[in-house]
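The file coords-v9.txt contains compact mmCIF, C-alpha atoms:
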# COMPACT_ATOMS: atom_id res chain seq x y z
CA MET A 62 0.00 0.00 0.00
CA LYS A 63 1.76 3.04 -1.33
CA LEU A 64 0.41 5.63 1.14
CA LEU A 65 1.49 3.45 4.08
CA GLU A 66 4.98 2.84 2.67
CA GLU A 67 5.38 6.59 2.19
CA LYS A 68 4.38 7.22 5.82
CA ILE A 69 6.85 4.57 7.04
CA LEU A 70 9.68 6.12 5.01
CA LYS A 71 8.80 9.66 6.09
CA TYR A 72 7.89 9.17 9.76
CA GLY A 73 9.17 5.72 10.77
CA ASN A 74 11.95 5.73 13.31
CA VAL A 75 14.54 2.92 13.48
CA PRO A 76 16.39 3.44 16.80
CA THR A 77 18.27 0.14 16.54
CA GLU A 78 18.57 -2.63 13.95
CA ASP A 79 15.24 -4.47 13.34
CA VAL A 80 13.12 -2.11 15.52
CA LEU A 81 10.61 0.18 13.77
CA LYS A 82 8.73 2.85 15.73
CA VAL A 83 5.67 4.27 14.01
CA ASP A 84 4.41 6.40 16.90
CA TYR A 85 3.78 9.30 14.52
CA PHE A 86 0.86 7.71 12.63
CA LEU A 87 -0.09 4.34 14.14
CA ASN A 88 0.88 3.55 17.74
CA HIS A 89 0.76 6.80 19.71
CA GLN A 90 -0.56 9.45 17.34
CA VAL A 91 -3.07 7.86 14.95
CA ASP A 92 -3.47 9.22 11.41
CA THR A 93 -7.24 9.00 10.98
CA VAL A 94 -7.18 9.40 7.18
CA LEU A 95 -4.62 6.60 6.86
CA MET A 96 -6.71 4.37 9.17
CA GLN A 97 -9.75 4.79 6.92
CA GLU A 98 -7.69 3.90 3.83
CA ILE A 99 -6.27 0.84 5.61
CA GLY A 100 -9.80 -0.28 6.56
CA LYS A 101 -10.99 0.07 2.95
CA GLU A 102 -7.95 -1.81 1.62
CA PHE A 103 -8.41 -4.81 3.95
CA ALA A 104 -12.17 -4.86 3.28
CA GLU A 105 -11.55 -4.83 -0.49
CA HIS A 106 -9.01 -7.64 -0.27
CA PHE A 107 -11.15 -9.93 1.91
CA LYS A 108 -14.58 -9.01 0.52
CA TYR A 109 -15.27 -12.46 -1.00
CA LYS A 110 -14.42 -14.29 2.23
CA ASN A 111 -17.85 -13.81 3.83
CA ILE A 112 -16.33 -12.21 6.94
CA THR A 113 -18.77 -12.11 9.88
CA LYS A 114 -16.45 -10.56 12.49
CA VAL A 115 -13.11 -8.78 12.72
CA ALA A 116 -10.85 -9.58 15.70
CA THR A 117 -7.76 -7.76 16.93
CA ILE A 118 -5.33 -7.71 19.82
CA GLU A 119 -5.33 -4.76 22.19
CA SER A 120 -4.29 -2.05 21.89
CA SER A 121 -2.41 -0.88 18.75
CA GLY A 122 -4.46 -3.13 16.47
CA ILE A 123 -7.76 -1.53 17.49
CA ALA A 124 -7.69 1.51 15.17
CA PRO A 125 -6.98 -0.33 11.86
CA ALA A 126 -9.25 -3.22 12.90
CA LEU A 127 -12.17 -0.94 13.74
CA MET A 128 -11.94 0.77 10.35
CA THR A 129 -11.83 -2.64 8.63
CA ALA A 130 -14.88 -3.85 10.58
CA ILE A 131 -16.77 -0.68 9.63
CA ALA A 132 -15.79 -1.06 5.95
CA LEU A 133 -17.04 -4.68 6.05
CA GLY A 134 -20.17 -3.82 8.09
CA VAL A 135 -19.43 -6.27 10.92
CA GLU A 136 -18.65 -6.16 14.66
CA LEU A 137 -15.15 -5.99 16.12
CA ILE A 138 -13.82 -8.30 18.84
CA ILE A 139 -10.91 -6.99 20.96
CA LEU A 140 -8.83 -9.89 22.31
CA LYS A 141 -7.56 -8.88 25.73
CA LYS A 142 -4.06 -9.25 27.15
CA GLN A 143 -4.60 -10.49 30.71
CA SER A 144 -1.76 -10.89 33.15
CA ASP A 145 -3.58 -13.62 35.08
CA LYS A 146 -5.44 -16.80 34.30
CA VAL A 147 -9.21 -16.35 34.53
CA LEU A 148 -10.96 -19.40 35.94
CA SER A 149 -14.28 -19.47 34.13
CA GLU A 150 -15.89 -21.89 31.69
CA ASP A 151 -16.91 -18.95 29.49
CA ILE A 152 -13.37 -17.68 29.00
CA LEU A 153 -10.71 -18.99 26.60
CA GLN A 154 -7.04 -18.09 27.06
CA VAL A 155 -3.77 -18.77 25.22
CA LYS A 156 -0.41 -18.00 26.86
CA THR A 157 1.53 -15.70 24.55
CA LYS A 158 5.02 -14.24 24.59
CA SER A 159 5.47 -10.52 24.00
CA PHE A 160 8.78 -10.17 22.16
CA THR A 161 8.92 -6.40 22.58
CA LYS A 162 8.50 -6.65 26.36
CA ASN A 163 9.96 -10.16 26.84
CA THR A 164 7.04 -11.12 29.09
CA TYR A 165 4.08 -13.48 28.87
CA TYR A 166 0.38 -12.62 28.86
CA ASP A 167 -2.81 -14.62 28.47
CA LEU A 168 -4.63 -13.62 25.30
CA THR A 169 -8.28 -13.81 26.28
CA LEU A 170 -11.62 -14.29 24.51
CA SER A 171 -15.09 -14.73 25.96
CA LYS A 172 -16.60 -17.76 24.20
CA LYS A 173 -19.97 -16.15 23.65
CA TYR A 174 -18.72 -13.65 21.06
CA ILE A 175 -17.55 -16.27 18.53
CA SER A 176 -19.79 -19.06 17.25
CA THR A 177 -19.33 -21.93 14.79
CA ASP A 178 -20.97 -19.74 12.10
CA ASP A 179 -18.27 -17.07 12.35
CA ASN A 180 -15.68 -16.39 9.63
CA VAL A 181 -13.21 -14.16 11.40
CA LEU A 182 -10.69 -11.74 9.90
CA ILE A 183 -7.83 -11.06 12.30
CA ILE A 184 -6.21 -7.62 11.98
CA ASP A 185 -3.03 -6.53 13.75
CA ASP A 186 -0.61 -3.62 13.47
CA PHE A 187 2.67 -5.59 13.33
CA LEU A 188 3.79 -9.09 12.34
CA ALA A 189 7.24 -10.04 13.61
CA ASN A 190 7.54 -13.48 15.19
CA GLY A 191 3.86 -14.29 14.77
CA ALA A 192 3.21 -15.12 18.44
CA ALA A 193 0.24 -12.78 18.90
CA ALA A 194 -1.36 -13.59 15.53
CA SER A 195 -1.05 -17.35 15.95
CA SER A 196 -2.49 -17.14 19.49
CA ALA A 197 -5.40 -15.10 18.10
CA CYS A 198 -6.03 -17.79 15.45
CA LYS A 199 -5.90 -20.49 18.10
CA LEU A 200 -8.46 -18.65 20.29
CA ILE A 201 -10.89 -18.17 17.38
CA GLU A 202 -10.63 -21.86 16.49
CA MET A 203 -10.98 -22.96 20.15
CA ALA A 204 -14.26 -20.99 20.23
CA GLY A 205 -15.43 -22.91 17.11
CA GLY A 206 -14.99 -20.09 14.60
CA THR A 207 -13.05 -20.15 11.31
CA VAL A 208 -10.08 -17.90 10.64
CA ALA A 209 -10.93 -16.51 7.20
CA GLY A 210 -7.79 -14.41 6.91
CA ILE A 211 -5.15 -12.32 8.64
CA GLY A 212 -4.54 -8.68 7.74
CA ILE A 213 -1.30 -7.10 8.90
CA VAL A 214 -0.50 -3.40 8.64
CA ILE A 215 3.30 -3.75 8.82
CA GLU A 216 5.07 -7.06 8.30
CA LYS A 217 8.74 -7.43 9.20
CA SER A 218 9.33 -10.04 6.51
CA PHE A 219 12.86 -10.82 7.70
CA GLN A 220 11.43 -12.20 10.96
CA PRO A 221 9.76 -15.64 11.11
CA GLY A 222 6.09 -14.65 11.67
CA ARG A 223 4.96 -14.62 8.03
CA GLU A 224 6.44 -18.02 7.27
CA LEU A 225 4.90 -19.45 10.46
CA LEU A 226 1.39 -18.24 9.50
CA ASP A 227 1.83 -19.35 5.85
CA ASN A 228 2.89 -22.81 7.05
CA LEU A 229 -0.20 -23.01 9.28
CA GLY A 230 -2.23 -22.50 6.09
CA PHE A 231 -3.63 -19.02 6.86
CA ASP A 232 -4.43 -16.44 4.19
CA VAL A 233 -2.18 -13.52 5.17
CA TYR A 234 -2.32 -10.07 3.56
CA SER A 235 0.20 -7.44 4.68
CA LEU A 236 -0.06 -3.83 3.56
CA ALA A 237 3.65 -3.09 3.94
CA ARG A 238 6.30 -5.83 3.88
CA ILE A 239 9.68 -4.75 5.17
CA SER A 240 12.60 -6.81 3.88
CA LYS A 241 15.38 -4.77 5.46
CA LEU A 242 15.40 -2.46 8.46
CA SER A 243 18.33 -0.44 9.73
CA PRO A 244 18.79 3.13 10.99
CA GLU A 245 20.19 3.93 7.52
CA LYS A 246 17.59 2.28 5.30
CA ILE A 247 14.11 0.73 5.14
CA GLU A 248 13.41 -1.56 2.18
CA PHE A 249 10.11 -3.14 1.11
CA LEU A 250 9.14 -6.39 -0.56
CA GLU A 251 6.48 -6.22 -3.22
CA GLU A 252 3.24 -8.04 -2.35
CA LEU A 253 2.78 -10.81 -4.93
CA HIS A 254 -0.58 -10.71 -6.69
CA ILE A 255 -1.36 -14.15 -8.09
CA CYS A 256 -4.19 -13.98 -10.61
CA MET B 17 -28.01 9.34 24.06
CA LYS B 18 -31.04 7.12 23.65
CA LEU B 19 -29.41 4.37 21.53
CA LEU B 20 -26.61 3.98 24.09
CA GLU B 21 -29.00 3.87 27.07
CA GLU B 22 -31.01 1.17 25.29
CA LYS B 23 -27.85 -0.90 24.72
CA ILE B 24 -26.86 -0.52 28.39
CA LEU B 25 -30.31 -1.65 29.55
CA LYS B 26 -30.40 -4.57 27.09
CA TYR B 27 -26.81 -5.84 27.22
CA GLY B 28 -25.20 -4.29 30.32
CA ASN B 29 -24.29 -6.74 33.03
CA VAL B 30 -24.16 -5.73 36.71
CA PRO B 31 -22.41 -8.61 38.50
CA THR B 32 -22.16 -6.73 41.81
CA GLU B 33 -23.36 -3.36 43.12
CA ASP B 34 -21.76 -0.40 41.28
CA VAL B 35 -19.97 -2.53 38.62
CA LEU B 36 -21.22 -2.32 35.01
CA LYS B 37 -19.84 -4.66 32.35
CA VAL B 38 -20.50 -3.63 28.76
CA ASP B 39 -18.42 -6.33 27.06
CA TYR B 40 -21.22 -6.95 24.55
CA PHE B 41 -20.94 -3.62 22.71
CA LEU B 42 -18.01 -1.55 24.02
CA ASN B 43 -15.14 -3.29 25.84
CA HIS B 44 -14.71 -6.75 24.30
CA GLN B 45 -17.12 -6.92 21.37
CA VAL B 46 -17.42 -3.48 19.78
CA ASP B 47 -20.68 -2.43 18.11
CA THR B 48 -19.37 -0.59 15.06
CA VAL B 49 -22.67 1.16 14.25
CA LEU B 50 -22.93 2.44 17.82
CA MET B 51 -19.30 3.67 17.71
CA GLN B 52 -20.04 5.73 14.59
CA GLU B 53 -23.11 7.28 16.26
CA ILE B 54 -21.06 8.06 19.38
CA GLY B 55 -18.37 9.72 17.25
CA LYS B 56 -20.97 11.89 15.48
CA GLU B 57 -22.63 12.86 18.78
CA PHE B 58 -19.37 13.99 20.41
CA ALA B 59 -18.33 15.84 17.23
CA GLU B 60 -21.69 17.62 17.08
CA HIS B 61 -21.50 18.62 20.76
CA PHE B 62 -17.94 19.98 20.60
CA LYS B 63 -17.99 21.36 17.04
CA TYR B 64 -17.62 25.02 18.11
CA LYS B 65 -14.61 24.30 20.34
CA ASN B 66 -12.06 24.40 17.52
CA ILE B 67 -10.74 20.93 18.42
CA THR B 68 -7.34 20.20 16.85
CA LYS B 69 -6.75 16.72 18.36
CA VAL B 70 -8.66 14.00 20.18
CA ALA B 71 -6.86 12.13 22.98
CA THR B 72 -7.84 8.92 24.74
CA ILE B 73 -6.50 6.37 27.20
CA GLU B 74 -5.68 2.87 25.96
CA SER B 75 -7.43 0.62 25.34
CA SER B 76 -11.24 0.73 25.71
CA GLY B 77 -11.39 4.43 24.86
CA ILE B 78 -9.76 3.95 21.44
CA ALA B 79 -12.86 2.91 19.46
CA PRO B 80 -15.18 5.80 20.48
CA ALA B 81 -12.26 8.27 20.38
CA LEU B 82 -11.21 7.23 16.86
CA MET B 83 -14.75 7.70 15.55
CA THR B 84 -14.91 11.13 17.21
CA ALA B 85 -11.56 12.15 15.69
CA ILE B 86 -12.76 11.04 12.25
CA ALA B 87 -16.05 12.94 12.64
CA LEU B 88 -14.05 16.06 13.60
CA GLY B 89 -11.41 15.51 10.89
CA VAL B 90 -8.45 15.52 13.31
CA GLU B 91 -5.74 13.12 14.53
CA LEU B 92 -6.08 10.85 17.57
CA ILE B 93 -3.51 10.57 20.38
CA ILE B 94 -3.50 7.35 22.41
CA LEU B 95 -2.16 8.00 25.93
CA LYS B 96 -0.27 4.88 27.02
CA LYS B 97 -0.43 3.06 30.32
CA GLN B 98 3.19 2.26 31.17
CA SER B 99 4.16 0.12 34.12
CA ASP B 100 7.56 1.83 34.43
CA LYS B 101 8.91 5.34 34.49
CA VAL B 102 10.52 6.33 31.19
CA LEU B 103 13.58 8.51 31.64
CA SER B 104 13.51 10.82 28.65
CA GLU B 105 13.12 14.56 28.21
CA ASP B 106 10.61 13.96 25.41
CA ILE B 107 8.22 11.91 27.56
CA LEU B 108 5.65 13.18 30.06
CA GLN B 109 4.14 10.86 32.66
CA VAL B 110 1.51 11.11 35.41
CA LYS B 111 1.15 8.37 38.01
CA THR B 112 -2.46 7.17 37.99
CA LYS B 113 -4.45 4.70 40.07
CA SER B 114 -6.56 2.07 38.33
CA PHE B 115 -9.59 1.55 40.55
CA THR B 116 -10.75 -1.57 38.70
CA LYS B 117 -7.37 -3.28 39.14
CA ASN B 118 -6.24 -1.45 42.33
CA THR B 119 -2.78 -0.86 40.81
CA TYR B 120 -0.83 2.16 39.61
CA TYR B 121 0.40 2.95 36.10
CA ASP B 122 2.19 5.88 34.49
CA LEU B 123 -0.04 7.54 31.92
CA THR B 124 2.38 8.56 29.18
CA LEU B 125 2.53 11.15 26.40
CA SER B 126 5.33 12.01 24.02
CA LYS B 127 5.70 15.81 24.13
CA LYS B 128 6.04 16.19 20.38
CA TYR B 129 2.43 15.25 19.62
CA ILE B 130 0.85 18.14 21.58
CA SER B 131 1.82 21.77 21.04
CA THR B 132 0.70 25.08 22.55
CA ASP B 133 -1.68 25.52 19.57
CA ASP B 134 -3.63 22.37 20.38
CA ASN B 135 -7.19 22.35 21.68
CA VAL B 136 -7.64 18.78 22.80
CA LEU B 137 -10.86 16.84 23.30
CA ILE B 138 -10.36 13.92 25.71
CA ILE B 139 -12.62 10.90 25.11
CA ASP B 140 -12.92 7.90 27.42
CA ASP B 141 -15.28 4.96 27.79
CA PHE B 142 -16.03 5.25 31.53
CA LEU B 143 -15.97 7.97 34.18
CA ALA B 144 -16.01 6.67 37.75
CA ASN B 145 -13.51 8.26 40.13
CA GLY B 146 -12.01 10.50 37.49
CA ALA B 147 -8.40 9.40 38.01
CA ALA B 148 -7.68 8.52 34.37
CA ALA B 149 -9.46 11.57 32.93
CA SER B 150 -7.81 14.03 35.32
CA SER B 151 -4.37 12.51 34.60
CA ALA B 152 -5.08 12.85 30.87
CA CYS B 153 -5.96 16.54 31.36
CA LYS B 154 -2.80 17.08 33.38
CA LEU B 155 -0.63 15.49 30.65
CA ILE B 156 -2.18 17.64 27.90
CA GLU B 157 -1.60 20.78 29.98
CA MET B 158 1.98 19.75 30.89
CA ALA B 159 2.66 19.50 27.14
CA GLY B 160 1.33 23.05 26.69
CA GLY B 161 -2.01 22.14 25.11
CA THR B 162 -5.50 23.25 26.17
CA VAL B 163 -8.16 20.78 27.27
CA ALA B 164 -11.15 21.95 25.25
CA GLY B 165 -13.52 19.33 26.64
CA ILE B 166 -14.01 15.83 27.96
CA GLY B 167 -16.40 13.36 26.32
CA ILE B 168 -17.42 10.30 28.33
CA VAL B 169 -19.38 7.38 26.94
CA ILE B 170 -20.71 6.08 30.29
CA GLU B 171 -20.60 8.16 33.46
CA LYS B 172 -21.28 6.56 36.81
CA SER B 173 -22.74 9.73 38.28
CA PHE B 174 -22.94 8.32 41.81
CA GLN B 175 -19.13 8.13 41.94
CA PRO B 176 -16.98 11.26 42.45
CA GLY B 177 -15.36 11.61 38.97
CA ARG B 178 -17.87 13.98 37.42
CA GLU B 179 -17.84 16.38 40.37
CA LEU B 180 -14.03 16.31 40.41
CA LEU B 181 -13.80 17.28 36.71
CA ASP B 182 -16.55 19.91 37.06
CA ASN B 183 -14.69 21.44 40.01
CA LEU B 184 -11.49 21.56 37.96
CA GLY B 185 -13.45 23.68 35.46
CA PHE B 186 -13.54 21.23 32.56
CA ASP B 187 -16.40 21.05 30.05
CA VAL B 188 -17.65 17.47 30.47
CA TYR B 189 -20.25 15.83 28.22
CA SER B 190 -21.39 12.29 29.05
CA LEU B 191 -23.58 10.30 26.67
CA ALA B 192 -25.11 8.12 29.40
CA ARG B 193 -25.23 9.18 33.05
CA ILE B 194 -26.02 6.39 35.46
CA SER B 195 -27.52 7.51 38.77
CA LYS B 196 -28.17 4.06 40.25
CA LEU B 197 -26.58 0.71 39.49
CA SER B 198 -27.55 -2.61 41.04
CA PRO B 199 -28.09 -6.14 39.69
CA GLU B 200 -31.83 -5.38 39.81
CA LYS B 201 -31.93 -1.94 38.20
CA ILE B 202 -30.00 0.62 36.13
CA GLU B 203 -31.26 4.20 36.31
CA PHE B 204 -30.14 7.22 34.27
CA LEU B 205 -29.85 10.94 34.93
CA GLU B 206 -30.98 13.27 32.19
CA GLU B 207 -28.18 15.38 30.66
CA LEU B 208 -29.05 19.02 31.30
CA HIS B 209 -29.10 21.16 28.17
CA ILE B 210 -28.56 24.79 29.12
CA CYS B 211 -29.49 27.05 26.22

I need this file expressed as structure tokens, please.
Amino acid sequence: MKLLEEKILKYGNVPTEDVLKVDYFLNHQVDTVLMQEIGKEFAEHFKYKNITKVATIESSGIAPALMTAIALGVELIILKKQSDKVLSEDILQVKTKSFTKNTYYDLTLSKKYISTDDNVLIIDDFLANGAAASSACKLIEMAGGTVAGIGIVIEKSFQPGRELLDNLGFDVYSLARISKLSPEKIEFLEELHIC
Amino acid sequence: MKLLEEKILKYGNVPTEDVLKVDYFLNHQVDTVLMQEIGKEFAEHFKYKNITKVATIESSGIAPALMTAIALGVELIILKKQSDKVLSEDILQVKTKSFTKNTYYDLTLSKKYISTDDNVLIIDDFLANGAAASSACKLIEMAGGTVAGIGIVIEKSFQPGRELLDNLGFDVYSLARISKLSPEKIEFLEELHIC
């Protein structure tokens, strides 16, 4: 997505090798025009997948996921990061490692918001090692739903997350795919369009 | 706001006295039609305030705040809940108590996203004791900005937050004002319109 790549090149900050900060338009300040374009782009890409719900992981995924849900005309589910196990039959949890913080949290979903009829599109801001996205997929499937696709705003293609999700058989669409990231240079992969 | 009050009465869950769970349409599953209406309502109410930015507190405030920012045509700032002090000249923090979790966090803002020209509208999902909202106001003012107003989705009017913010001189507008909350009954105050 050209507009997004331009924003990354203009406002992205690479303090150390492999770390990209996009606080200017995505994670701290949120560019509302860009979010609407992102929502439209994901909705266009997944429009034939009969999506019934969008799911995301709190909190930086919420803005792009909400705009995607609105563009598709469906509800949004926010998967919660809990620090403790919740003992309840209605609650599903998957232990997940945060690579940025090097801690664990329990990604949490209340069963009643996903049914066996649901085709769920998972949206997240970043894909690096794929821990959060694969836990989100697992939760949706534990609740009986189907993961219809995964939409990622920024994929760090040199890290193993994309390959992990591809190998699990998920349909992944990333709006910006970064092949190389250093304080000197940010390079993108082209998204392959197979017709 | 009639639509919101109806949702609270239909889907709100009061497990114990004074606690309202709105996981069905605001905090876990997000009703995207309702969020758009909420955004329009806040934008309409504050349209003469020359709002330059909307700010909110992660993570349940993000959805209504994003829709408000879009309706006003401005950017959104997400104030972060950090568990640790950040030692940097560019970062402002205010220690804040979470009453739901009975813990403290540092509400965090990067200075560069608020300037002395900014008139900021703060949006949050709940107002109870007013700790989060008053910390948000303090951060905006520490950065040199002006708090032009505070928009609250659900105010628990029997708790001290509203009075605290009124006494600090802020312009507060709440879409639903709950005067009484028990497992048996939810009652609302009428918002006074002074012409």

Notebook entry, point to check: How many Å lie between CA of Lys172 in chain A and CA of Lys141 in chain A, rounded to one decimal?
Noted result: 12.8 Å

Next item on the list: Enumerate as an MDAnalysis selection string the residues belonging to chain A that approach chain B to within 6 Å, with all atoms listed in the file taken into account.
Entry: chainID A and resid 89:93 120 136:139

Notebook entry, point to check: Mind listing as a PyMOL selection string all residues within 10 Å of (-6.4, -3.2, 0.0), counting all atoms listed in the file?
Noted result: chain A and resi 62+98-107+212+234-236

Pull C-alpha atoms from the residues just selected and write them as a CSV table (one decimal), in the frame of the given file.
chain,number,residue,atom,x,y,z
A,62,MET,CA,0.0,0.0,0.0
A,98,GLU,CA,-7.7,3.9,3.8
A,99,ILE,CA,-6.3,0.8,5.6
A,100,GLY,CA,-9.8,-0.3,6.6
A,101,LYS,CA,-11.0,0.1,3.0
A,102,GLU,CA,-8.0,-1.8,1.6
A,103,PHE,CA,-8.4,-4.8,4.0
A,104,ALA,CA,-12.2,-4.9,3.3
A,105,GLU,CA,-11.6,-4.8,-0.5
A,106,HIS,CA,-9.0,-7.6,-0.3
A,107,PHE,CA,-11.2,-9.9,1.9
A,212,GLY,CA,-4.5,-8.7,7.7
A,234,TYR,CA,-2.3,-10.1,3.6
A,235,SER,CA,0.2,-7.4,4.7
A,236,LEU,CA,-0.1,-3.8,3.6

Next item on the list: Find the residues near range 237-240 of chain A: any atom within 6 Å, counting only C-alpha atoms, skip ones fewer than 6 places away on the same chain, and give them as a list in words.
Entry: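 Selected residues are Ile215, Glu216, Lys217, Ser218, Phe219, Glu248, Phe249 and Leu250 of chain A.
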
Next item on the list: Could you please determine the separation between CA of Asn118 in chain B and CA of Thr32 in chain B in Å, to one decimal place?
Entry: 16.8 Å

Long-range neighbours of Gly146 in chain B as an mmCIF file with C-alpha atoms, keeping the file's coordinate frame, 9 Å cut-off, all atoms listed in the file, 5 positions minimum in chain:
data_model
loop_
_atom_site.group_PDB
_atom_site.id
_atom_site.type_symbol
_atom_site.label_atom_id
_atom_site.label_comp_id
_atom_site.auth_asym_id
_atom_site.auth_seq_id
_atom_site.Cartn_x
_atom_site.Cartn_y
_atom_site.Cartn_z
ATOM 1 C CA SER B 151 -4.370 12.510 34.600
ATOM 2 C CA GLN B 175 -19.130 8.130 41.940
ATOM 3 C CA PRO B 176 -16.980 11.260 42.450
ATOM 4 C CA GLY B 177 -15.360 11.610 38.970
ATOM 5 C CA ARG B 178 -17.870 13.980 37.420
ATOM 6 C CA GLU B 179 -17.840 16.380 40.370
ATOM 7 C CA LEU B 180 -14.030 16.310 40.410
ATOM 8 C CA LEU B 181 -13.800 17.280 36.710
#

Margin query: Counting all atoms listed in the file, which residue out of A:Asn190, A:Asn74, A:Ser159, A:Asn180 sits closest to Ser243 in chain A?
Written below: A:Asn74
